[in-house]
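Asks: Have a look at this one.
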Amino acid sequence: MNEVTITIDGLQITAKEGTTVLQAALDNGLYIPSLCNHPDLVPAGLCRVCIVKMDDWKIAISCKLPVKEGMVISTEDPEVQQIRKNTVELLIANHPMTCLTCESDSNCELQRVAHYVGITPDSLKRYRRSVRSIPMDTSNPFFDIDPSKCIMCGICVRTCDELQNINAIDYGLRGVASIITTLGNKPIADSRCESCGECVVRCPVAALAPKDTLQPMREVKSVCTYCGVGCGVLLGVRGDKIVGVRGDKENPVNRGSLCVKGRYGYKFINHPDRLKTPLVRKDGKLVEATWEEAMNRIEAKFSQHKGEQFAALASARITNEDNYLIQKFTRAVMGTNNIDHCARL
Amino acid sequence: MAGLATALGSGAMSNSINEIGGAKTILAIGTNTTQAHPVIALEVKKAARNGTNLIVVNPKKIDLCRHATMHIQQRPGTDVSLLMGMLRTIVDEGLADTDFIEKHCDNYDEFIASLAEFDLDSVEKITGVPKGQITKAARMYASNGPASILYCMGITQHSHGTDNVWAISNLALVTGNIGKKSTGVNPLRGQNNVQGSCDMGALPEFYTGYQKVDNPESQKKFEAAWGVNLSPKVGLTHAEIFDRIYDDKIKSLYLVGENPVLSEVDANHAIAAMEKLNFLVVQDIFLTETAEMADVVLPAATFAEKDGTFVNTERRVQRVRQAIAPAGDSKADWKIVCEIAKTMGASGFDFSDPQEIMKEIVSVTPSYGGITYERIEEVGLQWPCPDKDHPGTPTLHTERFATANGKAKLIALSFRDSAELPDEEYPLMLTTDRSLFHYHTGSMTRRVDGLDQLHSEELLKINPEDAAALGIVEDEMVQISSRRGQTTVKTKFTGICPPGLVSMTFHFAESPVNVLTNAALDPVAKIPETKVCAVRVEKIS
């Protein structure tokens, strides 16, 4: 694809033909504030925060503006600054000011944009009345919806549509009452939502926020344990517990996407029901035993039943290395090829 | 797997997940992709949105139908007839890729002769699909390449599952839709490492990498590698093992990470068999319904508590990493096996970590020859990967098929109906499926509160027409029985199932569907027929 050269605030940058001014700026490490833009989604041009001025004195939204050879762009023109600030002030006018306890604190696009465009307590006074108060939807077991924090960027709606093709949510109601909601304004749990959480991870504020808010102290790159797709995951660890799972964007299989089981189905790992010691049957009952006791029992019986009297069923749930050793044990030690697993189920 | 190996030389997915989007036509047959493989479903839905023809073939009106160009709703168990009917149209209308067939396929004449049975009038009668739809689908698939076929257990879990698979490979071969990007015959594997377990030789007829146990050369090779004498006698399959236990021939069973009390077809038979065992060892992460029957239960570590590799459905070997220490005294499965072997005085089980085991695997498995933990540190490799410089193989069969003469085999087929069909006594047909929110017998997902909240109990999906005839109301607990067993279940009225067909998942111990299912086996693959059996639904008096 051809490259073009454009000038942003006096700085010449090159960009691939067909990209937008916003994308070209971000690719070159230049920040243009925006709220409704997301790299995975088609630009929507809804928030009007990413406006720039072109050399013909027209104001344009940079997320929808294709780069053109020789284009000269200003992001700091006084008129741009004025309109942009006004837009952000209006967005914050009824936004809750509970940042410190908010799930998205320090990871919030609205905070970032507000700081960048220079919102001050004084400048807010003009528009600020009361906080928009709409009841939260807590019906989903994995995430909450707080419409009071919503900035109507539509990233969730477009994620559900463009990426997931599920279309569980859309804009609803009218005018100042507008919210993002489900068909018939029902709780999300009663909608066609599949709880994949893709909208939650993309929400720029905390209108969509996970119920489990414990942040991991480290992350470990691995592979999901459920179906055969083999999505790359980052297991979030805190102490000796798994506290969250993120999709691995570097993995070529899922490129960051996960389903409901992959993202939220991790609590079985630290479940109190986990088997923590060997059990052996004594007087008809399974009782706790040492590994040595269990091994001795196994040795006594397995050595009586070598060959045709023995069979092993390995598992499609465990690793290659585990499976390899089970078939090696069955063949080399027990002397039989009676080894299979649950592939057929 | 056995079916594909005969036809194409390899039983695995021929193409890669990221090629799905490049197909001009996708035929999704016997796969409820949005429920069972949600992230692959994203690719399919995206492709359909971008203009790819999506043909969904499924007796049920599954969610994927919303995105489909056309939905073919065949009578369950009639896939061979439908696919051969499509092939008949393709051949009759000159849409076959004759160059490809000549260069790459054997057995053409015999295959063509077998098409005689599949005139469209007969096919329409057998499948219940109007002729016009069959020809439309045939033309769409044959004329809009690259075309990719995705399938799953809806194809394989039949007493004629291998025939189903062969009908699929025939369709791809006759139209030359194989060996190129975005084409292929793509079985979607159900469990995280089912591909790997097969690769590793957890199968009665194969060592690792599909080296046959009854091939003297393979036997010699493994005898040398392991320093023991090995049996050339092919072992027993899953279902045969339970039969042999029942006949008191097998005395000890070592069962790892599986819950046959719920997952085994005709579960009552499996339970009766296990009760007869002299010695049962179960190795698992929870005290499953099956573990409760064991003589010794060994606590295993979860995937988050050990290192190793999984192989995904597209043959990609990926690294699994330990994130936390194993719970309590539980241990990684490989460590447990080593301990058992060493307690029994065996040598060859002194491994200090999974990487050492992988080195041994690689040394005896040609298709894994180039795989090392270093190479798959960031991104996994797709086998075959025969040497250190090989980049892995995203697309199979690009030059030749992995058969003895390099050619694929077209297979002559005739239609066989399912082993058990509805009759007066058991008038409804039962099929099984999966829920997005649960996994297999639910031992993991039912312990995740949120997932159990989103789908908390088994629901018998039944068409309102059938329900009305039975005089039952929605949410009513009913009794469902087959010739093999019975259970109770709550009903859900839905148009997903056509009249005459009901459907259940196998995730819920409270309503174990596998006491009903039929253990009729496919003669080649030995897969049981969980997708079709006859049942009766009644009010609980």
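Order determines the names: the first chain of the structure tokens is A, the second B, and so forth; residues in each chain are numbered 1 upward, and ligands are numbered 1 upward as they are shown.
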Extract, using only C-alpha atoms, all DNA, RNA and protein residues at most 9 Å from Asn32 of chain B, discarding same-chain residues fewer than 5 positions from it, and format them as number ranges by chain.
Replies: B: 37, 41, 58, 62-64, 151-152, 154, 433-434
Asks: So which bits of segment 213-442 of chain B end up alpha helix (DSSP H) when you DSSP the backbone, as an MDAnalysis selection string?
Replies: chainID B and resid 216:226 238:246 260:263 267:276 333:343 354:364
Asks: Between B:Thr6, B:Ser263, B:Asn53, B:Ser363, which one has atoms that come closest to Thr441 of chain B, using only C-alpha atoms?
Replies: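 Looking only at the distances to Thr441 of chain B, the closest residue turns out to be B:Ser263.
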Asks: Compare A:Ala207, A:Phe143, A:Asp27, A:Cys199 by their minimum atom-to-atom distance to Leu110 of chain A, counting only C-alpha atoms, and give me the closest one.
Replies: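 Using only C-alpha atoms, Leu110 of chain A sits closest to A:Ala207.
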Asks: Compile the contact shell of Lys285 of chain A as a list in words: residues with an atom at most 10 Å away, counting only C-alpha atoms, same-chain residues fewer than 5 positions apart removed.
Replies: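 Contacts, with the query itself left out: Leu279 and Val280 of chain A; Glu292, Met293, Ala294 and Asp295 of chain B.
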Asks: For segment 88-96 of chain A, work out the shell of residues within 12 Å, counting only C-alpha atoms and skipping chain neighbours fewer than 4 positions away, then give it as a count of residues only.
Replies: 53
Asks: Just the residues within 7 Å of segment 313-330 of chain A, please, counting only C-alpha atoms, with nothing from its chain fewer than 2 positions along; format it as a PyMOL selection string.
Replies: (chain A and resi 311+332-337+339-343) or (chain B and resi 191-194+196-197+200-202+254-258+308-310+333-334+337+341+354+357-358)
Asks: How about saving the chosen residues, N, CA and C atoms kept, as a short mmCIF file (atom, residue, chain, number, x, y, z; two decimals), in the first residue's frame?
Replies:
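Heads up, here's the output in selection.cif:
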data_model
loop_
_atom_site.label_atom_id
_atom_site.label_comp_id
_atom_site.auth_asym_id
_atom_site.auth_seq_id
_atom_site.Cartn_x
_atom_site.Cartn_y
_atom_site.Cartn_z
N ALA A 311 -6.54 -51.97 31.86
CA ALA A 311 -6.81 -50.94 30.85
C ALA A 311 -6.62 -49.57 31.49
N ALA A 332 4.54 -50.03 28.22
CA ALA A 332 5.86 -50.53 28.60
C ALA A 332 5.86 -51.25 29.95
N VAL A 333 5.01 -50.79 30.87
CA VAL A 333 5.02 -51.40 32.21
C VAL A 333 3.90 -52.44 32.35
N MET A 334 2.69 -52.08 31.87
CA MET A 334 1.57 -53.00 32.05
C MET A 334 1.45 -54.00 30.89
N GLY A 335 2.19 -53.77 29.80
CA GLY A 335 2.27 -54.76 28.73
C GLY A 335 1.01 -54.92 27.90
N THR A 336 0.23 -53.84 27.74
CA THR A 336 -0.98 -53.94 26.91
C THR A 336 -1.20 -52.64 26.15
N ASN A 337 -1.92 -52.75 25.04
CA ASN A 337 -2.31 -51.54 24.29
C ASN A 337 -3.73 -51.10 24.65
N ILE A 339 -5.32 -48.81 25.90
CA ILE A 339 -5.24 -47.41 26.32
C ILE A 339 -6.09 -46.59 25.35
N ASP A 340 -6.97 -45.79 25.90
CA ASP A 340 -7.81 -44.94 25.06
C ASP A 340 -8.14 -43.70 25.88
N HIS A 341 -8.91 -42.81 25.34
CA HIS A 341 -9.37 -41.64 26.11
C HIS A 341 -10.70 -41.18 25.54
N CYS A 342 -11.17 -40.07 26.04
CA CYS A 342 -12.54 -39.66 25.78
C CYS A 342 -12.71 -38.89 24.46
N ALA A 343 -11.84 -39.11 23.48
CA ALA A 343 -11.93 -38.37 22.21
C ALA A 343 -13.27 -38.57 21.53
N GLN B 191 -12.38 -30.98 23.06
CA GLN B 191 -11.73 -30.69 24.33
C GLN B 191 -10.35 -30.08 24.11
N ASN B 192 -9.90 -29.39 25.15
CA ASN B 192 -8.68 -28.60 25.04
C ASN B 192 -7.51 -29.36 24.45
N ASN B 193 -7.36 -30.64 24.84
CA ASN B 193 -6.19 -31.36 24.33
C ASN B 193 -6.56 -32.70 23.72
N VAL B 194 -7.73 -32.78 23.10
CA VAL B 194 -8.11 -34.06 22.50
C VAL B 194 -7.17 -34.36 21.32
N GLY B 196 -4.05 -33.47 21.13
CA GLY B 196 -2.78 -33.88 21.73
C GLY B 196 -2.82 -35.30 22.27
N SER B 197 -3.92 -35.68 22.92
CA SER B 197 -4.02 -37.04 23.46
C SER B 197 -3.92 -38.05 22.33
N MET B 200 -0.37 -38.17 21.08
CA MET B 200 0.53 -38.80 22.04
C MET B 200 0.35 -40.31 22.12
N GLY B 201 -0.59 -40.85 21.34
CA GLY B 201 -0.78 -42.29 21.36
C GLY B 201 -1.62 -42.80 22.51
N ALA B 202 -2.49 -41.93 23.06
CA ALA B 202 -3.45 -42.42 24.04
C ALA B 202 -4.60 -43.08 23.29
N TYR B 254 -7.31 -47.90 35.24
CA TYR B 254 -6.66 -46.65 35.65
C TYR B 254 -7.30 -45.53 34.84
N LEU B 255 -8.08 -44.68 35.52
CA LEU B 255 -8.93 -43.72 34.82
C LEU B 255 -8.47 -42.31 35.19
N VAL B 256 -8.08 -41.54 34.18
CA VAL B 256 -7.53 -40.22 34.45
C VAL B 256 -8.44 -39.14 33.85
N GLY B 257 -8.87 -38.22 34.69
CA GLY B 257 -9.58 -37.03 34.20
C GLY B 257 -10.78 -37.33 33.33
N GLU B 258 -11.60 -38.27 33.76
CA GLU B 258 -12.79 -38.57 32.98
C GLU B 258 -13.88 -39.03 33.93
N GLY B 308 3.48 -27.69 30.63
CA GLY B 308 3.27 -28.71 29.61
C GLY B 308 2.82 -28.08 28.31
N THR B 309 2.18 -28.91 27.47
CA THR B 309 1.66 -28.40 26.20
C THR B 309 0.27 -28.97 25.94
N PHE B 310 -0.57 -28.16 25.29
CA PHE B 310 -1.84 -28.61 24.73
C PHE B 310 -1.74 -28.46 23.21
N ASP B 333 -0.27 -34.58 36.73
CA ASP B 333 -0.52 -35.97 36.30
C ASP B 333 0.75 -36.71 35.92
N TRP B 334 1.67 -36.00 35.22
CA TRP B 334 2.90 -36.69 34.79
C TRP B 334 3.71 -37.16 35.99
N VAL B 337 2.06 -40.39 37.39
CA VAL B 337 2.35 -41.57 36.56
C VAL B 337 3.78 -42.05 36.83
N ALA B 341 4.84 -45.75 38.18
CA ALA B 341 5.77 -46.59 37.42
C ALA B 341 6.99 -46.94 38.27
N PRO B 354 8.42 -31.34 32.57
CA PRO B 354 7.74 -31.71 31.32
C PRO B 354 8.60 -31.47 30.07
N ILE B 357 10.25 -34.57 29.19
CA ILE B 357 9.31 -35.53 28.58
C ILE B 357 9.12 -35.16 27.11
N MET B 358 8.96 -33.85 26.82
CA MET B 358 8.77 -33.43 25.44
C MET B 358 9.97 -33.82 24.58
#
Asks: Extract, using only C-alpha atoms, all DNA, RNA and protein residues at most 6 Å from segment 526-532 of chain B, discarding same-chain residues fewer than 6 positions from it, and format them as a list in words.
Replies: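 Neighbouring residues, sequence-local ones excluded: Arg344 of chain A; Gln157, His158, Ser159, Leu430, Thr431, Thr432, Thr517, Asn518, Ala519 and Ala520 of chain B.
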Asks: Could you tell me how far atom CA of Glu205 of chain B sits from atom CA of Val234 of chain B, in Å to one decimal place?
Replies: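 These two atoms are separated by 5.0 Å.
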Asks: Output as number ranges by chain all residues of segment 74-220 of chain B that backbone DSSP marks as strand (DSSP E).
Replies: B: 105-106, 147-151, 185-187
Asks: As an exercise, work out the distance from atom CA of Leu459 of chain B to atom CA of Val489 of chain B in Å and give it to one decimal place.
Replies: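 Between atom CA of Leu459 of chain B and atom CA of Val489 of chain B the gap works out to 6.3 Å.
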Asks: Find the residues around Gly236 of chain A up to 6 Å (only C-alpha atoms counted), leave out those fewer than 5 positions away in its own chain, and share them as a list in words.
Replies: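 Within the cut-off, the hits are Pro216, Glu219, Ile242, Val243, Gly244 and Val245 of chain A.
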Asks: Restricting it to N, CA and C atoms, dump the selection as a PDB file, in the first residue's frame.
Replies:
ATOM      1  N   PRO A 216      -4.601  -8.506  39.623  1.00  0.00           N
ATOM      2  CA  PRO A 216      -3.541  -9.500  39.818  1.00  0.00           C
ATOM      3  C   PRO A 216      -2.216  -8.833  40.167  1.00  0.00           C
ATOM      4  N   GLU A 219       0.925 -11.829  35.963  1.00  0.00           N
ATOM      5  CA  GLU A 219       0.145 -12.585  34.982  1.00  0.00           C
ATOM      6  C   GLU A 219       1.014 -13.672  34.354  1.00  0.00           C
ATOM      7  N   ILE A 242      -5.866 -17.819  41.439  1.00  0.00           N
ATOM      8  CA  ILE A 242      -6.144 -17.210  40.138  1.00  0.00           C
ATOM      9  C   ILE A 242      -7.294 -16.224  40.377  1.00  0.00           C
ATOM     10  N   VAL A 243      -7.076 -14.956  40.041  1.00  0.00           N
ATOM     11  CA  VAL A 243      -8.113 -13.943  40.313  1.00  0.00           C
ATOM     12  C   VAL A 243      -8.692 -13.341  39.035  1.00  0.00           C
ATOM     13  N   GLY A 244      -8.225 -13.772  37.896  1.00  0.00           N
ATOM     14  CA  GLY A 244      -8.785 -13.237  36.666  1.00  0.00           C
ATOM     15  C   GLY A 244      -8.116 -13.856  35.458  1.00  0.00           C
ATOM     16  N   VAL A 245      -8.772 -13.707  34.302  1.00  0.00           N
ATOM     17  CA  VAL A 245      -8.209 -14.205  33.047  1.00  0.00           C
ATOM     18  C   VAL A 245      -8.402 -13.132  31.983  1.00  0.00           C
TER      19      VAL A 245
END
Asks: Which residue out of A:Ile166, A:Leu46, A:Cys203, A:Met54 has the minimum interatomic distance to chain B when only C-alpha atoms are used?
Replies: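 Of A:Ile166, A:Leu46, A:Cys203, A:Met54, the one nearest chain B, counting only C-alpha atoms, is A:Ile166.
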Asks: From the options B:Ser252, B:Thr290, B:Ser16, B:Asn186, which residue's atoms come nearest to Leu277 of chain B, counting only C-alpha atoms?
Replies: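 So, comparing all the options, the nearest one is B:Ser252.
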